[in-house]
Amino acid sequence: MPALVLLGAQWGDEGKGKATDLLGGSVDYVVRYQGGNNAGHTVVVGDQKYALHLLPSGILSPGCTPVIGNGVVVDPSVLFSELNGLNDRGVDTSKLLISGNAHIITPYNVTVDKVTERFLGKRKIGTTGRGIGPTYADKINRVGIRVQDLYDESILTQKVEAALDGKNQLLTKVFNRRAIEVGQVVEELLGYADRLKPYVADTVLVLNQALEEDKVVLFEGGQGTLLDIDHGTYPFVTSSNPTAGGACTGAGVGPTKISRVIGILKAYTTRVGSGPFPTELFDEDGEALRRIGGERGVTTGRDRRCGWFDAVIARYATRVNGLTDFFLTKLDVLTGWEQIPVCVAYEIDGKRVEELPYSQTDFHHAKPIYENLPGWSEDITKAKTFADLPKNAQAYVKALEEMSGAPISAIGVGPGRTETIEVNSFL
Ligand code: GDP
Ligand code: IMO
Ligand code: MG
């Protein structure tokens, strides 16, 4: 049972970092397969808190090899500062492997991300401003810079020239900015080459050989299902495929190797940035979820938009990812509400709709239809087994499981590694 995918079932920030770290002690490799340093994964180990952006959360487990796959976009300056930060805290990062085919977030792509958002004004996506979209656009336009390009100066120069040709026209003529010089970019990128070198590997070969040897490989998604470029709330999405299929393309592992797909699901819903969000709350309940849940972005420091649990979205995540399990997080945050509304379906233009509409217009019009579930007031943060939970908390979990279409195999009752109830084993 060697390959597992762990991914966000909602709009990101479900607690993927914590879940990955929890499993990290029992797996051989943890692989990021898409996204970049737009991710913010918080891991709490004892009294230590780590915020990871680009590095796989498995980096905190000494026995585990962390891998940055070909589908990831890498900002070398962020990578180095993250590595330095961990090394200063005594974390050994020497086992890290980075695919030579991963694309590099160049300084001009960070600039393009920021100016494009400014240009969009009211219609902005609310990106993290880390250059993610423009870097994936260059990849698809075949003018991207890959990690391996840093080791051939002449090829690198040609590629940066090709990438900047069009961009400089855009920057100077449309965005009224100064042109970016090829030489300056090449010099900056070459400056990263030596330090990156020991990590660069043929990660596709490494991972497939590991799987042949029955090693356990965990693919850690960034972002979430509803932020997927194909299956999310386009255009208010990220520019990669956080859904399960992304693990195959973003790491070079065939679908026949994947044995389990775990969706990380918050017991309520949050979203950062623009876009539709049917169960969003603008009242004191929303404020309370934000406060109690500590819902502030790890990457950008923005307040997260908060709302009740949406079972339509959870069912959708089960379908597009082929989820085998859910890991329900932050159940403890809901302690204290007398009644907890859960969205079971939408009303769209007067009709009841049970499944996520494919039409963006319909989704923008979707109004949640709520069912109220009875709440609990007992502290659940010390619960170790399902039976330790108050009856109403058990019923809440069971109701979510029933509505969402896959078994809830673990329940988070606090941010720490040990604050987890394991219902079914993942390994
Ligand atoms: P990720 O991007 O999916 O890794 O999630 P984030 O780290 O951005 O946000 C999740 C936040 O919830 C982090 O601060 C975690 O420490 C915290 N967290 C994770 N699981 C639980 C849980 O079960 N209970 C509580 N109270 N906090 C949790
Ligand atoms: P983790 O891995 C929540 C959102 C941004 C924006 C949209 C596009 O911590 O769950 P981008 O910079 O990717 O082009 O921005 O996606 N977004 C996230 N929201 N969690 C994340 O990552 C996110 N990464 C990107 O807010 O709406
Ligand atoms: Mg996050």
# chains A, B, ... in the order shown; residues from 1 in each chain; ligands from 1
$ residues_near_ligand --ligand "ligand 3" --cutoff "10 Å" --atoms "only C-alpha atoms and all ligand atoms" --output "count of residues only"
26
$ residues_around --residues "Ser404 in chain A" --least-positions-apart "6" --cutoff "6 Å" --atoms "only C-alpha atoms" --output "list in words"
Ala311, Ala314 and Arg315 of chain A
$ closest_residue --among "A:Phe386, A:Trp376, A:Phe236, A:Phe309" --to "Thr127 in chain A" --atoms "only C-alpha atoms"
A:Phe236
$ closest_residue --among "A:Gly133, A:Gly414, A:Ala102, A:Ile155" --to "Lys382 in chain A" --atoms "only C-alpha atoms"
A:Gly414
$ select_by_dssp --residues "range 280-366 of chain A" --states "strand (DSSP E or B)" --output "PyMOL selection string"
chain A and resi 280+296+303+305-307+309-310+325-329+339-348+351-353
$ closest_residue --among "A:Pro66, A:Pro242, A:Gly307, A:Gly405" --to "Leu281 in chain A" --atoms "only C-alpha atoms"
A:Gly307
$ residues_around --residues "Leu96 in chain A" --least-positions-apart "4" --cutoff "7 Å" --atoms "only C-alpha atoms" --output "list of chain:residue names"
A:Thr65, A:Pro66, A:Val67, A:Tyr199
$ closest_residue --among "A:Ser77, A:Thr324, A:Ser99, A:Thr20" --to "ligand 1" --atoms "only C-alpha atoms and all ligand atoms"
A:Thr20
$ residues_around --residues "Glu220 in chain A" --least-positions-apart "5" --cutoff "12 Å" --atoms "only C-alpha atoms" --output "PyMOL selection string"
chain A and resi 3-8+15-21+23-24+27+29-36+39+41+54-59+66-69+72+242-244+246-248+250-251+261-264
$ residues_around --residues "Ile229 in chain A" --least-positions-apart "6" --cutoff "6 Å" --atoms "only C-alpha atoms" --output "ChimeraX atom specification"
/A:237-241
$ write_last_selection --atoms "N, CA and C atoms" --output "short mmCIF file (atom, residue, chain, number, x, y, z; two decimals), in the first residue's frame"
data_model
loop_
_atom_site.label_atom_id
_atom_site.label_comp_id
_atom_site.auth_asym_id
_atom_site.auth_seq_id
_atom_site.Cartn_x
_atom_site.Cartn_y
_atom_site.Cartn_z
N VAL A 237 -8.96 30.90 -8.70
CA VAL A 237 -8.27 29.65 -8.40
C VAL A 237 -6.76 29.91 -8.43
N THR A 238 -6.00 28.89 -8.12
CA THR A 238 -4.56 28.98 -8.32
C THR A 238 -4.23 28.37 -9.69
N SER A 239 -2.97 28.41 -10.10
CA SER A 239 -2.67 28.03 -11.48
C SER A 239 -2.10 26.62 -11.61
N SER A 240 -2.51 25.72 -10.71
CA SER A 240 -2.00 24.34 -10.81
C SER A 240 -3.13 23.38 -10.45
N ASN A 241 -2.81 22.09 -10.40
CA ASN A 241 -3.80 21.06 -10.08
C ASN A 241 -3.54 20.43 -8.71
#
$ closest_residue --among "A:Leu289, A:Val320, A:Val397, A:Cys343" --to "Ala9 in chain A" --atoms "only C-alpha atoms"
A:Val320
$ decode --residues "range 285-322 of chain A" --atoms "N, CA, C and O atoms" --output "CSV table (one decimal), in the first residue's frame"
chain,number,residue,atom,x,y,z
A,285,ASP,N,-21.0,35.1,14.1
A,285,ASP,CA,-20.5,33.7,14.0
A,285,ASP,C,-19.3,33.6,13.2
A,285,ASP,O,-18.3,32.9,13.5
A,286,GLY,N,-19.2,34.3,12.1
A,286,GLY,CA,-18.1,34.3,11.2
A,286,GLY,C,-16.9,34.9,11.9
A,286,GLY,O,-15.7,34.3,11.9
A,287,GLU,N,-17.1,35.9,12.7
A,287,GLU,CA,-16.0,36.6,13.5
A,287,GLU,C,-15.5,35.6,14.5
A,287,GLU,O,-14.3,35.5,14.8
A,288,ALA,N,-16.4,34.9,15.2
A,288,ALA,CA,-16.1,33.9,16.2
A,288,ALA,C,-15.2,32.8,15.6
A,288,ALA,O,-14.2,32.3,16.2
A,289,LEU,N,-15.7,32.2,14.4
A,289,LEU,CA,-14.9,31.2,13.8
A,289,LEU,C,-13.5,31.6,13.5
A,289,LEU,O,-12.5,30.9,13.7
A,290,ARG,N,-13.4,32.9,13.0
A,290,ARG,CA,-12.0,33.5,12.7
A,290,ARG,C,-11.2,33.6,13.9
A,290,ARG,O,-10.0,33.2,13.9
A,291,ARG,N,-11.8,34.0,15.0
A,291,ARG,CA,-11.0,34.3,16.2
A,291,ARG,C,-10.6,32.9,16.9
A,291,ARG,O,-9.5,32.7,17.2
A,292,ILE,N,-11.6,32.1,17.1
A,292,ILE,CA,-11.3,30.8,17.8
A,292,ILE,C,-10.4,29.9,16.9
A,292,ILE,O,-9.5,29.2,17.4
A,293,GLY,N,-10.7,29.9,15.6
A,293,GLY,CA,-9.9,29.1,14.7
A,293,GLY,C,-8.6,29.7,14.3
A,293,GLY,O,-7.8,29.0,13.6
A,294,GLY,N,-8.3,30.9,14.8
A,294,GLY,CA,-7.0,31.6,14.4
A,294,GLY,C,-6.9,31.7,12.9
A,294,GLY,O,-5.9,31.4,12.3
A,295,GLU,N,-8.0,32.1,12.2
A,295,GLU,CA,-8.0,32.0,10.7
A,295,GLU,C,-7.4,33.3,10.1
A,295,GLU,O,-8.1,34.2,9.6
A,296,ARG,N,-6.1,33.2,10.1
A,296,ARG,CA,-5.3,34.3,9.5
A,296,ARG,C,-4.3,33.6,8.6
A,296,ARG,O,-3.6,32.7,9.1
A,297,GLY,N,-4.1,34.1,7.4
A,297,GLY,CA,-3.2,33.4,6.4
A,297,GLY,C,-1.8,33.4,6.9
A,297,GLY,O,-1.3,34.3,7.4
A,298,VAL,N,-1.2,32.2,6.7
A,298,VAL,CA,0.2,32.0,7.1
A,298,VAL,C,1.2,32.6,6.1
A,298,VAL,O,2.3,33.0,6.5
A,299,THR,N,0.7,32.8,4.9
A,299,THR,CA,1.6,33.3,3.8
A,299,THR,C,1.5,34.8,3.7
A,299,THR,O,2.5,35.6,3.7
A,300,THR,N,0.3,35.3,3.7
A,300,THR,CA,0.1,36.8,3.4
A,300,THR,C,-0.4,37.5,4.6
A,300,THR,O,-0.5,38.8,4.6
A,301,GLY,N,-0.8,36.8,5.7
A,301,GLY,CA,-1.3,37.5,6.9
A,301,GLY,C,-2.7,38.1,6.7
A,301,GLY,O,-3.2,38.8,7.6
A,302,ARG,N,-3.4,37.7,5.6
A,302,ARG,CA,-4.7,38.2,5.4
A,302,ARG,C,-5.7,37.4,6.3
A,302,ARG,O,-5.5,36.2,6.5
A,303,ASP,N,-6.8,38.1,6.8
A,303,ASP,CA,-7.8,37.4,7.5
A,303,ASP,C,-8.5,36.4,6.5
A,303,ASP,O,-8.8,36.8,5.4
A,304,ARG,N,-8.8,35.2,7.0
A,304,ARG,CA,-9.5,34.3,6.1
A,304,ARG,C,-11.0,34.6,6.2
A,304,ARG,O,-11.5,34.9,7.3
A,305,ARG,N,-11.7,34.4,5.1
A,305,ARG,CA,-13.2,34.5,5.1
A,305,ARG,C,-13.7,33.2,5.7
A,305,ARG,O,-13.1,32.1,5.4
A,306,CYS,N,-14.7,33.3,6.6
A,306,CYS,CA,-15.1,32.1,7.3
A,306,CYS,C,-16.6,31.8,7.1
A,306,CYS,O,-17.4,32.7,7.0
A,307,GLY,N,-17.0,30.5,7.1
A,307,GLY,CA,-18.4,30.1,7.0
A,307,GLY,C,-18.6,28.7,7.5
A,307,GLY,O,-17.7,28.0,7.9
A,308,TRP,N,-19.9,28.3,7.5
A,308,TRP,CA,-20.3,27.0,8.0
A,308,TRP,C,-19.8,25.9,7.0
A,308,TRP,O,-19.5,26.2,5.9
A,309,PHE,N,-19.8,24.7,7.5
A,309,PHE,CA,-19.5,23.5,6.7
A,309,PHE,C,-20.4,23.4,5.5
A,309,PHE,O,-21.6,23.6,5.6
A,310,ASP,N,-19.8,23.0,4.3
A,310,ASP,CA,-20.6,22.9,3.1
A,310,ASP,C,-20.4,21.5,2.5
A,310,ASP,O,-19.4,21.1,2.0
A,311,ALA,N,-21.5,20.7,2.7
A,311,ALA,CA,-21.4,19.3,2.3
A,311,ALA,C,-21.4,19.1,0.8
A,311,ALA,O,-21.0,18.1,0.3
A,312,VAL,N,-22.0,20.1,0.1
A,312,VAL,CA,-22.0,20.0,-1.4
A,312,VAL,C,-20.5,20.0,-1.9
A,312,VAL,O,-20.2,19.2,-2.8
A,313,ILE,N,-19.7,20.9,-1.3
A,313,ILE,CA,-18.3,21.0,-1.7
A,313,ILE,C,-17.6,19.7,-1.3
A,313,ILE,O,-16.8,19.2,-2.1
A,314,ALA,N,-17.9,19.2,-0.1
A,314,ALA,CA,-17.2,17.9,0.3
A,314,ALA,C,-17.5,16.8,-0.6
A,314,ALA,O,-16.6,16.0,-1.0
A,315,ARG,N,-18.8,16.7,-1.0
A,315,ARG,CA,-19.2,15.6,-2.0
A,315,ARG,C,-18.4,15.7,-3.3
A,315,ARG,O,-18.0,14.8,-3.9
A,316,TYR,N,-18.3,17.0,-3.7
A,316,TYR,CA,-17.6,17.3,-5.0
A,316,TYR,C,-16.1,16.9,-4.9
A,316,TYR,O,-15.6,16.2,-5.8
A,317,ALA,N,-15.5,17.2,-3.7
A,317,ALA,CA,-14.1,16.8,-3.5
A,317,ALA,C,-14.0,15.3,-3.5
A,317,ALA,O,-13.0,14.8,-4.1
A,318,THR,N,-14.9,14.6,-3.0
A,318,THR,CA,-14.9,13.1,-3.0
A,318,THR,C,-14.9,12.6,-4.4
A,318,THR,O,-14.1,11.7,-4.8
A,319,ARG,N,-15.7,13.2,-5.2
A,319,ARG,CA,-15.8,12.8,-6.6
A,319,ARG,C,-14.6,13.1,-7.4
A,319,ARG,O,-14.0,12.2,-8.1
A,320,VAL,N,-14.2,14.4,-7.5
A,320,VAL,CA,-13.1,14.7,-8.4
A,320,VAL,C,-11.7,14.1,-8.0
A,320,VAL,O,-10.9,14.0,-8.8
A,321,ASN,N,-11.6,13.8,-6.7
A,321,ASN,CA,-10.3,13.3,-6.3
A,321,ASN,C,-10.4,11.7,-6.1
A,321,ASN,O,-9.3,11.1,-5.8
A,322,GLY,N,-11.6,11.1,-6.2
A,322,GLY,CA,-11.7,9.7,-5.8
A,322,GLY,C,-11.2,9.5,-4.4
A,322,GLY,O,-10.5,8.5,-4.1
